[in-house]
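To be precise, the following lines are protein_10.cif, and they hold mmCIF, C-alpha atoms.
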data_target
#
loop_
_atom_site.group_PDB
_atom_site.id
_atom_site.type_symbol
_atom_site.label_atom_id
_atom_site.label_comp_id
_atom_site.auth_asym_id
_atom_site.auth_seq_id
_atom_site.Cartn_x
_atom_site.Cartn_y
_atom_site.Cartn_z
ATOM 1 C CA MET A 12 -3.126 2.620 10.354
ATOM 2 C CA ASP A 13 -3.225 1.549 13.983
ATOM 3 C CA GLU A 14 -4.612 3.489 16.926
ATOM 4 C CA GLU A 15 -1.213 3.977 18.483
ATOM 5 C CA LEU A 16 0.170 5.704 15.425
ATOM 6 C CA LEU A 17 -2.986 7.787 15.079
ATOM 7 C CA ASP A 18 -2.677 8.845 18.700
ATOM 8 C CA SER A 19 0.953 9.789 18.270
ATOM 9 C CA LEU A 20 -0.109 12.086 15.428
ATOM 10 C CA LYS A 21 -2.437 14.185 17.572
ATOM 11 C CA ILE A 22 -1.418 17.832 17.613
ATOM 12 C CA GLY A 23 -3.855 18.841 20.346
ATOM 13 C CA VAL A 24 -6.388 20.815 18.321
ATOM 14 C CA GLU A 25 -9.550 18.771 18.350
ATOM 15 C CA GLU A 26 -11.009 19.948 15.077
ATOM 16 C CA ILE A 27 -7.755 19.394 13.188
ATOM 17 C CA ASP A 28 -7.095 16.003 14.804
ATOM 18 C CA ALA A 29 -10.595 14.852 13.879
ATOM 19 C CA GLN A 30 -10.024 15.868 10.262
ATOM 20 C CA HIS A 31 -6.726 13.983 10.176
ATOM 21 C CA ARG A 32 -8.451 10.892 11.459
ATOM 22 C CA GLU A 33 -11.065 11.155 8.784
ATOM 23 C CA PHE A 34 -8.394 11.365 6.113
ATOM 24 C CA PHE A 35 -6.777 8.129 7.303
ATOM 25 C CA ARG A 36 -10.150 6.435 7.751
ATOM 26 C CA ASN A 37 -10.947 7.161 4.142
ATOM 27 C CA LEU A 38 -7.707 5.585 2.940
ATOM 28 C CA ALA A 39 -8.270 2.582 5.195
ATOM 29 C CA ALA A 40 -11.666 2.113 3.551
ATOM 30 C CA LEU A 41 -9.913 1.986 0.197
ATOM 31 C CA ARG A 42 -7.656 -0.785 1.377
ATOM 32 C CA GLU A 43 -10.609 -2.696 2.826
ATOM 33 C CA ALA A 44 -12.473 -2.477 -0.455
ATOM 34 C CA LEU A 45 -9.428 -3.820 -2.289
ATOM 35 C CA GLU A 46 -9.067 -6.670 0.163
ATOM 36 C CA ALA A 47 -12.743 -7.516 -0.119
ATOM 37 C CA GLY A 48 -12.235 -7.807 -3.858
ATOM 38 C CA ALA A 49 -15.341 -5.740 -4.371
ATOM 39 C CA GLY A 50 -15.816 -2.060 -4.984
ATOM 40 C CA GLY A 51 -12.089 -1.305 -5.151
ATOM 41 C CA ARG A 52 -12.397 0.762 -8.285
ATOM 42 C CA ASP A 53 -15.477 2.634 -7.024
ATOM 43 C CA ARG A 54 -13.781 3.298 -3.751
ATOM 44 C CA MET A 55 -10.691 4.629 -5.510
ATOM 45 C CA MET A 56 -12.872 7.088 -7.416
ATOM 46 C CA LYS A 57 -14.785 8.030 -4.270
ATOM 47 C CA THR A 58 -11.519 8.598 -2.441
ATOM 48 C CA LEU A 59 -10.329 10.973 -5.137
ATOM 49 C CA ARG A 60 -13.569 12.932 -5.083
ATOM 50 C CA TYR A 61 -13.589 13.006 -1.319
ATOM 51 C CA LEU A 62 -9.984 14.177 -1.083
ATOM 52 C CA GLU A 63 -10.590 16.985 -3.512
ATOM 53 C CA GLY A 64 -13.075 18.541 -1.102
ATOM 54 C CA TYR A 65 -11.129 17.497 1.937
ATOM 55 C CA ILE A 66 -7.955 19.249 0.888
ATOM 56 C CA ASP A 67 -9.724 22.586 0.553
ATOM 57 C CA LEU A 68 -11.587 22.232 3.819
ATOM 58 C CA HIS A 69 -8.757 20.826 5.863
ATOM 59 C CA PHE A 70 -5.955 23.123 4.762
ATOM 60 C CA HIS A 71 -8.307 26.078 5.091
ATOM 61 C CA THR A 72 -9.188 25.025 8.639
ATOM 62 C CA GLU A 73 -5.530 24.704 9.599
ATOM 63 C CA GLU A 74 -4.512 27.986 8.049
ATOM 64 C CA GLN A 75 -7.397 29.744 9.791
ATOM 65 C CA TYR A 76 -6.190 28.489 13.160
ATOM 66 C CA MET A 77 -2.713 29.707 12.252
ATOM 67 C CA ARG A 78 -3.842 33.174 11.255
ATOM 68 C CA ARG A 79 -5.962 33.526 14.369
ATOM 69 C CA SER A 80 -2.993 32.722 16.554
ATOM 70 C CA ASN A 81 -0.504 34.775 14.487
ATOM 71 C CA TYR A 82 1.583 31.698 13.897
ATOM 72 C CA PRO A 83 4.904 32.738 12.367
ATOM 73 C CA GLY A 84 5.302 29.425 10.520
ATOM 74 C CA ILE A 85 2.203 29.943 8.386
ATOM 75 C CA LEU A 86 4.044 30.635 5.112
ATOM 76 C CA VAL A 87 6.269 27.584 5.295
ATOM 77 C CA HIS A 88 3.293 25.511 6.341
ATOM 78 C CA GLY A 89 1.141 26.854 3.532
ATOM 79 C CA ARG A 90 3.863 26.008 1.021
ATOM 80 C CA GLU A 91 3.702 22.358 2.085
ATOM 81 C CA HIS A 92 -0.055 22.406 1.629
ATOM 82 C CA GLY A 93 0.492 23.756 -1.868
ATOM 83 C CA GLU A 94 2.917 20.910 -2.595
ATOM 84 C CA PHE A 95 0.370 18.361 -1.459
ATOM 85 C CA THR A 96 -2.347 19.932 -3.590
ATOM 86 C CA ALA A 97 -0.077 19.748 -6.647
ATOM 87 C CA MET A 98 0.942 16.166 -5.908
ATOM 88 C CA PHE A 99 -2.675 15.171 -5.433
ATOM 89 C CA ALA A 100 -3.673 16.725 -8.769
ATOM 90 C CA GLU A 101 -0.969 14.661 -10.477
ATOM 91 C CA LEU A 102 -2.002 11.445 -8.745
ATOM 92 C CA LYS A 103 -5.613 12.059 -9.640
ATOM 93 C CA LYS A 104 -4.755 12.628 -13.269
ATOM 94 C CA LYS A 105 -2.689 9.453 -13.326
ATOM 95 C CA VAL A 106 -5.502 7.371 -11.843
ATOM 96 C CA LEU A 107 -8.138 8.808 -14.188
ATOM 97 C CA ASP A 108 -5.910 8.263 -17.225
ATOM 98 C CA LEU A 109 -5.222 4.662 -16.258
ATOM 99 C CA ASP A 110 -8.867 4.043 -15.515
ATOM 100 C CA ALA A 111 -9.902 5.442 -18.887
ATOM 101 C CA ARG A 112 -7.587 2.894 -20.498
ATOM 102 C CA GLY A 113 -8.952 0.094 -18.292
ATOM 103 C CA GLU A 114 -5.571 -0.178 -16.594
ATOM 104 C CA LEU A 115 -6.410 0.799 -13.052
ATOM 105 C CA THR A 116 -4.849 -1.977 -10.986
ATOM 106 C CA ALA A 117 -4.766 -2.940 -7.336
ATOM 107 C CA PHE A 118 -1.072 -2.119 -7.508
ATOM 108 C CA VAL A 119 -1.771 1.476 -8.545
ATOM 109 C CA ALA A 120 -4.461 1.804 -5.884
ATOM 110 C CA VAL A 121 -2.104 0.602 -3.136
ATOM 111 C CA ASP A 122 0.611 2.894 -4.445
ATOM 112 C CA VAL A 123 -1.694 5.936 -4.444
ATOM 113 C CA LYS A 124 -2.972 5.100 -0.975
ATOM 114 C CA ARG A 125 0.545 4.770 0.392
ATOM 115 C CA THR A 126 1.776 7.942 -1.267
ATOM 116 C CA LEU A 127 -1.051 9.986 0.250
ATOM 117 C CA GLU A 128 -0.775 8.314 3.630
ATOM 118 C CA ASN A 129 2.997 8.712 3.831
ATOM 119 C CA TRP A 130 2.898 12.347 2.835
ATOM 120 C CA MET A 131 0.221 13.153 5.378
ATOM 121 C CA THR A 132 1.936 11.204 8.146
ATOM 122 C CA ASN A 133 5.211 13.024 7.555
ATOM 123 C CA HIS A 134 3.484 16.376 7.251
ATOM 124 C CA ILE A 135 1.581 15.945 10.509
ATOM 125 C CA ALA A 136 4.550 14.521 12.409
ATOM 126 C CA GLY A 137 6.869 17.285 11.213
ATOM 127 C CA THR A 138 4.981 20.425 10.281
ATOM 128 C CA ASP A 139 1.586 20.214 11.993
ATOM 129 C CA LYS A 140 3.151 19.145 15.265
ATOM 130 C CA LYS A 141 5.236 22.315 15.327
ATOM 131 C CA PHE A 142 2.048 24.341 15.179
ATOM 132 C CA GLY A 143 0.563 22.241 17.972
ATOM 133 C CA GLU A 144 3.649 22.893 20.073
ATOM 134 C CA PHE A 145 3.453 26.608 19.334
ATOM 135 C CA LEU A 146 -0.149 26.698 20.566
ATOM 136 C CA ALA A 147 0.687 24.670 23.651
ATOM 137 C CA ALA A 148 3.615 26.942 24.543
ATOM 138 C CA ARG A 149 1.387 30.001 24.230
ATOM 139 C CA GLY A 150 -1.049 28.380 26.635
ATOM 140 C CA MET B 20 26.739 -12.920 -9.486
ATOM 141 C CA ALA B 21 24.682 -14.456 -12.230
ATOM 142 C CA ILE B 22 21.328 -15.422 -10.856
ATOM 143 C CA LYS B 23 18.643 -16.474 -13.227
ATOM 144 C CA LYS B 24 15.878 -13.945 -12.974
ATOM 145 C CA ILE B 25 12.585 -15.418 -11.878
ATOM 146 C CA GLU B 26 9.795 -14.361 -14.154
ATOM 147 C CA TRP B 27 6.110 -14.926 -14.456
ATOM 148 C CA ASP B 28 5.071 -17.044 -17.415
ATOM 149 C CA PRO B 29 1.731 -18.483 -18.499
ATOM 150 C CA SER B 30 2.580 -21.839 -16.923
ATOM 151 C CA LEU B 31 2.065 -20.078 -13.577
ATOM 152 C CA SER B 32 -1.516 -19.155 -14.375
ATOM 153 C CA MET B 33 -4.028 -20.422 -11.830
ATOM 154 C CA GLY B 34 -6.967 -19.522 -14.038
ATOM 155 C CA VAL B 35 -8.125 -16.488 -12.090
ATOM 156 C CA ASP B 36 -7.109 -13.424 -14.100
ATOM 157 C CA THR B 37 -7.395 -11.065 -11.154
ATOM 158 C CA LEU B 38 -4.940 -13.067 -9.077
ATOM 159 C CA ASP B 39 -2.673 -13.986 -11.996
ATOM 160 C CA LEU B 40 -2.153 -10.299 -12.693
ATOM 161 C CA GLN B 41 -1.280 -9.678 -9.065
ATOM 162 C CA HIS B 42 1.149 -12.596 -9.008
ATOM 163 C CA ARG B 43 2.820 -11.162 -12.040
ATOM 164 C CA GLU B 44 3.054 -7.777 -10.393
ATOM 165 C CA LEU B 45 4.415 -9.283 -7.175
ATOM 166 C CA ILE B 46 7.177 -11.159 -8.977
ATOM 167 C CA GLU B 47 8.111 -8.020 -10.882
ATOM 168 C CA ARG B 48 8.239 -5.933 -7.713
ATOM 169 C CA ILE B 49 10.435 -8.460 -5.958
ATOM 170 C CA ASN B 50 12.711 -8.391 -8.999
ATOM 171 C CA ASP B 51 12.740 -4.586 -8.957
ATOM 172 C CA LEU B 52 13.645 -4.541 -5.302
ATOM 173 C CA ARG B 53 16.348 -7.114 -5.884
ATOM 174 C CA SER B 54 17.847 -5.030 -8.720
ATOM 175 C CA ALA B 55 17.649 -1.851 -6.686
ATOM 176 C CA ILE B 56 19.474 -3.497 -3.807
ATOM 177 C CA SER B 57 22.134 -5.152 -5.912
ATOM 178 C CA LEU B 58 22.730 -1.898 -7.791
ATOM 179 C CA GLY B 59 23.187 -0.157 -4.463
ATOM 180 C CA GLN B 60 20.362 2.307 -4.928
ATOM 181 C CA ALA B 61 19.565 4.891 -2.265
ATOM 182 C CA ARG B 62 18.226 3.445 0.952
ATOM 183 C CA SER B 63 15.281 5.806 0.932
ATOM 184 C CA GLU B 64 14.266 4.186 -2.341
ATOM 185 C CA THR B 65 14.797 0.559 -1.331
ATOM 186 C CA GLY B 66 13.122 1.193 2.031
ATOM 187 C CA ARG B 67 10.129 2.599 0.227
ATOM 188 C CA MET B 68 10.012 -0.450 -2.054
ATOM 189 C CA PHE B 69 10.144 -2.825 0.911
ATOM 190 C CA SER B 70 7.273 -1.039 2.663
ATOM 191 C CA PHE B 71 5.235 -0.911 -0.494
ATOM 192 C CA LEU B 72 5.752 -4.598 -1.120
ATOM 193 C CA GLU B 73 4.655 -5.363 2.421
ATOM 194 C CA GLU B 74 1.315 -3.643 2.005
ATOM 195 C CA TYR B 75 0.778 -4.962 -1.507
ATOM 196 C CA VAL B 76 1.460 -8.557 -0.428
ATOM 197 C CA LYS B 77 -0.972 -8.187 2.467
ATOM 198 C CA VAL B 78 -3.681 -6.794 0.220
ATOM 199 C CA HIS B 79 -3.097 -9.578 -2.290
ATOM 200 C CA PHE B 80 -3.205 -12.359 0.300
ATOM 201 C CA THR B 81 -6.343 -10.972 1.929
ATOM 202 C CA MET B 82 -8.032 -10.678 -1.442
ATOM 203 C CA GLU B 83 -7.179 -14.275 -2.229
ATOM 204 C CA GLU B 84 -8.377 -15.423 1.187
ATOM 205 C CA THR B 85 -11.602 -13.464 0.739
ATOM 206 C CA LEU B 86 -12.283 -15.397 -2.441
ATOM 207 C CA MET B 87 -11.505 -18.690 -0.673
ATOM 208 C CA LYS B 88 -13.947 -17.917 2.113
ATOM 209 C CA ARG B 89 -16.603 -16.856 -0.319
ATOM 210 C CA LYS B 90 -16.178 -20.112 -2.223
ATOM 211 C CA LYS B 91 -16.080 -22.152 1.002
ATOM 212 C CA TYR B 92 -12.713 -23.588 0.004
ATOM 213 C CA ARG B 93 -11.801 -26.462 2.309
ATOM 214 C CA GLU B 94 -8.042 -25.772 2.208
ATOM 215 C CA TYR B 95 -8.544 -22.220 3.390
ATOM 216 C CA VAL B 96 -6.884 -22.621 6.784
ATOM 217 C CA ALA B 97 -3.804 -24.385 5.420
ATOM 218 C CA HIS B 98 -3.492 -21.891 2.602
ATOM 219 C CA ARG B 99 -3.773 -18.965 4.957
ATOM 220 C CA GLN B 100 -1.052 -20.488 7.105
ATOM 221 C CA GLU B 101 1.242 -20.482 4.082
ATOM 222 C CA HIS B 102 0.525 -16.803 3.596
ATOM 223 C CA LEU B 103 1.389 -16.150 7.228
ATOM 224 C CA ASN B 104 4.640 -18.074 6.814
ATOM 225 C CA PHE B 105 5.555 -15.931 3.853
ATOM 226 C CA LEU B 106 4.772 -12.749 5.746
ATOM 227 C CA THR B 107 6.912 -13.860 8.670
ATOM 228 C CA MET B 108 9.806 -14.562 6.333
ATOM 229 C CA PHE B 109 9.272 -11.292 4.522
ATOM 230 C CA LEU B 110 9.116 -9.254 7.719
ATOM 231 C CA GLU B 111 12.285 -10.905 9.025
ATOM 232 C CA MET B 112 14.044 -10.002 5.827
ATOM 233 C CA LYS B 113 12.746 -6.439 5.998
ATOM 234 C CA GLN B 114 13.927 -6.166 9.590
ATOM 235 C CA ARG B 115 17.354 -7.472 8.633
ATOM 236 C CA TYR B 116 17.446 -4.984 5.798
ATOM 237 C CA GLU B 117 16.574 -2.125 8.164
ATOM 238 C CA ASP B 118 19.161 -3.213 10.721
ATOM 239 C CA LEU B 119 21.896 -3.465 8.123
ATOM 240 C CA ALA B 120 20.850 -0.255 6.428
ATOM 241 C CA SER B 121 20.934 1.662 9.704
ATOM 242 C CA GLN B 122 24.472 0.408 10.309
ATOM 243 C CA GLY B 123 25.405 1.556 6.836
ATOM 244 C CA ALA B 124 26.383 -2.011 5.937
ATOM 245 C CA VAL B 125 26.658 -3.424 2.439
ATOM 246 C CA LEU B 126 23.270 -4.745 1.414
ATOM 247 C CA SER B 127 23.899 -6.369 -1.929
ATOM 248 C CA PHE B 128 23.918 -9.934 -0.598
ATOM 249 C CA LEU B 129 20.308 -9.463 0.484
ATOM 250 C CA ALA B 130 19.482 -9.556 -3.197
ATOM 251 C CA VAL B 131 20.265 -13.262 -3.191
ATOM 252 C CA ASP B 132 17.775 -13.791 -0.359
ATOM 253 C CA LEU B 133 15.117 -11.902 -2.231
ATOM 254 C CA ASP B 134 15.555 -14.319 -5.117
ATOM 255 C CA ARG B 135 16.186 -17.514 -3.267
ATOM 256 C CA LYS B 136 13.618 -16.986 -0.587
ATOM 257 C CA LEU B 137 10.879 -14.617 -1.632
ATOM 258 C CA ALA B 138 10.675 -15.095 -5.381
ATOM 259 C CA GLU B 139 11.244 -18.838 -5.247
ATOM 260 C CA TRP B 140 8.751 -19.252 -2.420
ATOM 261 C CA LEU B 141 6.190 -17.315 -4.378
ATOM 262 C CA VAL B 142 6.665 -19.346 -7.539
ATOM 263 C CA GLU B 143 6.434 -22.567 -5.580
ATOM 264 C CA HIS B 144 3.356 -21.350 -3.727
ATOM 265 C CA ILE B 145 1.655 -20.374 -6.970
ATOM 266 C CA THR B 146 2.582 -23.668 -8.633
ATOM 267 C CA LYS B 147 1.434 -25.842 -5.789
ATOM 268 C CA VAL B 148 -1.243 -24.281 -3.629
ATOM 269 C CA ASP B 149 -2.657 -21.459 -5.705
ATOM 270 C CA LYS B 150 -3.134 -23.726 -8.686
ATOM 271 C CA GLN B 151 -4.945 -26.201 -6.447
ATOM 272 C CA PHE B 152 -7.341 -23.439 -5.532
ATOM 273 C CA GLY B 153 -7.677 -22.585 -9.224
ATOM 274 C CA GLU B 154 -8.595 -26.195 -9.931
ATOM 275 C CA PHE B 155 -11.124 -26.160 -7.118
ATOM 276 C CA LEU B 156 -12.754 -23.132 -8.708
ATOM 277 C CA GLY B 157 -13.117 -25.106 -11.908
ATOM 278 C CA GLN B 158 -13.616 -22.909 -14.907
ATOM 279 C CA PRO B 159 -11.292 -19.992 -15.591
ATOM 280 C CA GLN B 160 -12.311 -16.806 -13.877
ATOM 281 C CA PRO B 161 -11.810 -14.003 -16.344
ATOM 282 C CA SER B 162 -11.799 -10.360 -15.394
ATOM 283 C CA THR B 163 -10.923 -7.063 -16.934
ATOM 284 C CA GLY B 164 -8.262 -6.225 -14.424
ATOM 285 C CA ASP B 165 -6.833 -7.066 -11.052
ATOM 286 C CA ILE B 166 -8.706 -4.676 -8.816
ATOM 287 C CA GLU B 167 -11.869 -6.757 -8.287
ATOM 288 C CA LEU B 168 -12.310 -10.448 -7.662
ATOM 289 C CA PRO B 169 -14.704 -12.413 -9.842
ATOM 290 C CA GLN B 170 -18.244 -12.033 -8.593
ATOM 291 C CA ASP B 171 -20.756 -14.753 -8.083
ATOM 292 C CA LYS B 172 -23.782 -14.907 -10.369
#
What's the structure tokens form of this structure?
Amino acid sequence: MDEELLDSLKIGVEEIDAQHREFFRNLAALREALEAGAGGRDRMMKTLRYLEGYIDLHFHTEEQYMRRSNYPGILVHGREHGEFTAMFAELKKKVLDLDARGELTAFVAVDVKRTLENWMTNHIAGTDKKFGEFLAARG
Amino acid sequence: MAIKKIEWDPSLSMGVDTLDLQHRELIERINDLRSAISLGQARSETGRMFSFLEEYVKVHFTMEETLMKRKKYREYVAHRQEHLNFLTMFLEMKQRYEDLASQGAVLSFLAVDLDRKLAEWLVEHITKVDKQFGEFLGQPQPSTGDIELPQDK
């Protein structure tokens, strides 16, 4: 993901923006490992483990900011986080099942990477941005 | 329109399992996209397939080029240029698809391009240049999947 797109996804809360960046950096590392033809499988597994912890931390961080500022959109926002968590659990299961059968392919890895990246990009651009705007309007 | 479907078959093997599997996957995905377009599937779906294919092709080419560099393959520059040519053609087609899709135009004729241009190019590329690289590598390079390139030693 290029710098320009990353910049356009900033919502103006430093801690949250930094966490978003880290999410994309992790997925970029997966692609690099695939392209290097070395460590792609390991990286896929690392990414899954990393995201498991990340999801908890990141969504918790966001929701804390929302509670502190009495953000009225918190329920809708939280629902989207729940959807992501469920989707991630499914993706993870799929990858682990395929891997157990020795069928984890570069194709699957690219597909998983894109699915996660697309969801997050849309979520930030649509839902997180609204929260950023709410904070900015409050001053 | 009856177009003979382009399919991977063992005669296309270049002797590197990792890359053969990806070639197979690429041909299938181009076929899938072609079917989706000719069947008039939802644009959100075909758009997603186009974008996916773009990233997958890039990953595949880079992986192949990584192996060439590692093996100090003398045709590396020329081979890479072929990859760039394909990407240019692919991106033009994707752009045309997006333009037409945003105008709500009929897209089915793009299916012919996907066959004639992308799939045929790919088969020709595999037959001519990829196989040359396979020959350069000498012995077959087995692997257990397509996610890692064969390692030295």
**Within 12 Å of Lys90 of chain B using all atoms listed in the file, minus same-chain residues under 2 positions, as a list in words** = Glu83, Glu84, Thr85, Leu86, Met87, Lys88, Tyr92, Arg93, Glu94, Tyr95, Phe152, Gly153, Phe155, Leu156, Gly157, Leu168, Pro169, Gln170 and Asp171 of chain B
**Message:** Considering only C-alpha atoms, can you say which of B:Gly66, B:Ser30, B:Gln60, B:Phe71 comes closest to Arg115 of chain B?
**Reply:**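 Closest to Arg115 of chain B, using only C-alpha atoms: B:Gly66.
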**Message:** Taking only C-alpha atoms into account, name the residue in A:Ile27, A:Leu146, A:Leu45, A:Ala97 that is nearest to Arg79 of chain A.
**Reply:** A:Leu146
**Distance filter 12 Å, all atoms listed in the file, chain B against chain A, as an NGL selection string** = :B and (37-38 or 40-45 or 47-48 or 67-68 or 70-89 or 162-171)
Could you dump the residues just selected with C-alpha atoms as a CSV table (one decimal), in the frame of the given file?
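Below you can see out13.csv, which holds the result:
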chain,number,residue,atom,x,y,z
B,37,THR,CA,-7.4,-11.1,-11.2
B,38,LEU,CA,-4.9,-13.1,-9.1
B,40,LEU,CA,-2.2,-10.3,-12.7
B,41,GLN,CA,-1.3,-9.7,-9.1
B,42,HIS,CA,1.1,-12.6,-9.0
B,43,ARG,CA,2.8,-11.2,-12.0
B,44,GLU,CA,3.1,-7.8,-10.4
B,45,LEU,CA,4.4,-9.3,-7.2
B,47,GLU,CA,8.1,-8.0,-10.9
B,48,ARG,CA,8.2,-5.9,-7.7
B,67,ARG,CA,10.1,2.6,0.2
B,68,MET,CA,10.0,-0.4,-2.1
B,70,SER,CA,7.3,-1.0,2.7
B,71,PHE,CA,5.2,-0.9,-0.5
B,72,LEU,CA,5.8,-4.6,-1.1
B,73,GLU,CA,4.7,-5.4,2.4
B,74,GLU,CA,1.3,-3.6,2.0
B,75,TYR,CA,0.8,-5.0,-1.5
B,76,VAL,CA,1.5,-8.6,-0.4
B,77,LYS,CA,-1.0,-8.2,2.5
B,78,VAL,CA,-3.7,-6.8,0.2
B,79,HIS,CA,-3.1,-9.6,-2.3
B,80,PHE,CA,-3.2,-12.4,0.3
B,81,THR,CA,-6.3,-11.0,1.9
B,82,MET,CA,-8.0,-10.7,-1.4
B,83,GLU,CA,-7.2,-14.3,-2.2
B,84,GLU,CA,-8.4,-15.4,1.2
B,85,THR,CA,-11.6,-13.5,0.7
B,86,LEU,CA,-12.3,-15.4,-2.4
B,87,MET,CA,-11.5,-18.7,-0.7
B,88,LYS,CA,-13.9,-17.9,2.1
B,89,ARG,CA,-16.6,-16.9,-0.3
B,162,SER,CA,-11.8,-10.4,-15.4
B,163,THR,CA,-10.9,-7.1,-16.9
B,164,GLY,CA,-8.3,-6.2,-14.4
B,165,ASP,CA,-6.8,-7.1,-11.1
B,166,ILE,CA,-8.7,-4.7,-8.8
B,167,GLU,CA,-11.9,-6.8,-8.3
B,168,LEU,CA,-12.3,-10.4,-7.7
B,169,PRO,CA,-14.7,-12.4,-9.8
B,170,GLN,CA,-18.2,-12.0,-8.6
B,171,ASP,CA,-20.8,-14.8,-8.1
**Å distance separating atom CA of Thr96 of chain A from atom CA of Phe69 of chain B, one decimal place** =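 Answer for the atom CA of Thr96 of chain A to atom CA of Phe69 of chain B separation: 26.3 Å.
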**Request:** For the structure provided, state which residues fall under the PyMOL selection byres ((chain B and resi 145) around 12), and present them as a VMD selection string.
**Result:** chain B and resid 27 to 35 38 to 39 41 to 43 45 to 46 80 83 98 101 to 102 138 to 144 146 to 153
**Between atom CA of Phe142 of chain A and atom CA of Met77 of chain A - distance in Å to one decimal** = 7.7 Å
**Answer key for the PyMOL selection byres ((chain A and resi 88-90) around 10), residues as a PyMOL selection string** = chain A and resi 70-71+73-74+77+82-87+91-96+134+138-139+141-142
Expected file contents, prior selection, C-alpha atoms, as a PDB file, in the coordinates of the input:
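The result, stored in result.pdb:
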ATOM      1  CA  PHE A  70      -5.955  23.123   4.762  1.00  0.00           C
ATOM      2  CA  HIS A  71      -8.307  26.078   5.091  1.00  0.00           C
ATOM      3  CA  GLU A  73      -5.530  24.704   9.599  1.00  0.00           C
ATOM      4  CA  GLU A  74      -4.512  27.986   8.049  1.00  0.00           C
ATOM      5  CA  MET A  77      -2.713  29.707  12.252  1.00  0.00           C
ATOM      6  CA  TYR A  82       1.583  31.698  13.897  1.00  0.00           C
ATOM      7  CA  PRO A  83       4.904  32.738  12.367  1.00  0.00           C
ATOM      8  CA  GLY A  84       5.302  29.425  10.520  1.00  0.00           C
ATOM      9  CA  ILE A  85       2.203  29.943   8.386  1.00  0.00           C
ATOM     10  CA  LEU A  86       4.044  30.635   5.112  1.00  0.00           C
ATOM     11  CA  VAL A  87       6.269  27.584   5.295  1.00  0.00           C
ATOM     12  CA  GLU A  91       3.702  22.358   2.085  1.00  0.00           C
ATOM     13  CA  HIS A  92      -0.055  22.406   1.629  1.00  0.00           C
ATOM     14  CA  GLY A  93       0.492  23.756  -1.868  1.00  0.00           C
ATOM     15  CA  GLU A  94       2.917  20.910  -2.595  1.00  0.00           C
ATOM     16  CA  PHE A  95       0.370  18.361  -1.459  1.00  0.00           C
ATOM     17  CA  THR A  96      -2.347  19.932  -3.590  1.00  0.00           C
ATOM     18  CA  HIS A 134       3.484  16.376   7.251  1.00  0.00           C
ATOM     19  CA  THR A 138       4.981  20.425  10.281  1.00  0.00           C
ATOM     20  CA  ASP A 139       1.586  20.214  11.993  1.00  0.00           C
ATOM     21  CA  LYS A 141       5.236  22.315  15.327  1.00  0.00           C
ATOM     22  CA  PHE A 142       2.048  24.341  15.179  1.00  0.00           C
TER      23      PHE A 142
END
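Checking A:Met98, A:Leu107, A:Gly143, A:Leu62 one by one against Glu25 of chain A, counting all atoms listed in the file, you find the shortest gap at A:Gly143.
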**Asked** How many Å separate atom CA of Leu52 of chain B from atom CA of Asp134 of chain B?
**Response**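 Atom CA of Leu52 of chain B sits 10.0 Å away from atom CA of Asp134 of chain B.
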Would you please take segment 117-125 of chain B of the structure in the block above and write N, CA, C and O atoms to a file as a PDB file, in the first residue's frame?
ATOM      1  N   GLU B 117     -12.935  -0.799 -16.265  1.00  0.00           N
ATOM      2  CA  GLU B 117     -13.486   0.151 -15.280  1.00  0.00           C
ATOM      3  C   GLU B 117     -14.245   1.280 -15.961  1.00  0.00           C
ATOM      4  O   GLU B 117     -15.308   1.692 -15.497  1.00  0.00           O
ATOM      5  N   ASP B 118     -13.680   1.781 -17.072  1.00  0.00           N
ATOM      6  CA  ASP B 118     -14.347   2.856 -17.801  1.00  0.00           C
ATOM      7  C   ASP B 118     -15.709   2.399 -18.305  1.00  0.00           C
ATOM      8  O   ASP B 118     -16.720   3.076 -18.119  1.00  0.00           O
ATOM      9  N   LEU B 119     -15.716   1.237 -18.933  1.00  0.00           N
ATOM     10  CA  LEU B 119     -16.972   0.716 -19.483  1.00  0.00           C
ATOM     11  C   LEU B 119     -17.963   0.406 -18.370  1.00  0.00           C
ATOM     12  O   LEU B 119     -19.158   0.705 -18.482  1.00  0.00           O
ATOM     13  N   ALA B 120     -17.450  -0.180 -17.301  1.00  0.00           N
ATOM     14  CA  ALA B 120     -18.333  -0.543 -16.191  1.00  0.00           C
ATOM     15  C   ALA B 120     -18.969   0.698 -15.583  1.00  0.00           C
ATOM     16  O   ALA B 120     -20.151   0.706 -15.244  1.00  0.00           O
ATOM     17  N   SER B 121     -18.178   1.779 -15.473  1.00  0.00           N
ATOM     18  CA  SER B 121     -18.731   2.986 -14.849  1.00  0.00           C
ATOM     19  C   SER B 121     -19.760   3.662 -15.755  1.00  0.00           C
ATOM     20  O   SER B 121     -20.610   4.405 -15.294  1.00  0.00           O
ATOM     21  N   GLN B 122     -19.678   3.370 -17.050  1.00  0.00           N
ATOM     22  CA  GLN B 122     -20.699   3.914 -17.967  1.00  0.00           C
ATOM     23  C   GLN B 122     -21.904   2.984 -18.057  1.00  0.00           C
ATOM     24  O   GLN B 122     -22.856   3.259 -18.795  1.00  0.00           O
ATOM     25  N   GLY B 123     -21.800   1.858 -17.363  1.00  0.00           N
ATOM     26  CA  GLY B 123     -22.878   0.882 -17.417  1.00  0.00           C
ATOM     27  C   GLY B 123     -22.963   0.188 -18.766  1.00  0.00           C
ATOM     28  O   GLY B 123     -24.022  -0.298 -19.165  1.00  0.00           O
ATOM     29  N   ALA B 124     -21.845   0.147 -19.494  1.00  0.00           N
ATOM     30  CA  ALA B 124     -21.855  -0.454 -20.831  1.00  0.00           C
ATOM     31  C   ALA B 124     -21.821  -1.986 -20.756  1.00  0.00           C
ATOM     32  O   ALA B 124     -21.509  -2.552 -19.722  1.00  0.00           O
ATOM     33  N   VAL B 125     -22.145  -2.593 -21.881  1.00  0.00           N
ATOM     34  CA  VAL B 125     -22.076  -4.056 -21.966  1.00  0.00           C
ATOM     35  C   VAL B 125     -20.605  -4.476 -21.976  1.00  0.00           C
ATOM     36  O   VAL B 125     -19.788  -3.900 -22.687  1.00  0.00           O
TER      37      VAL B 125
END
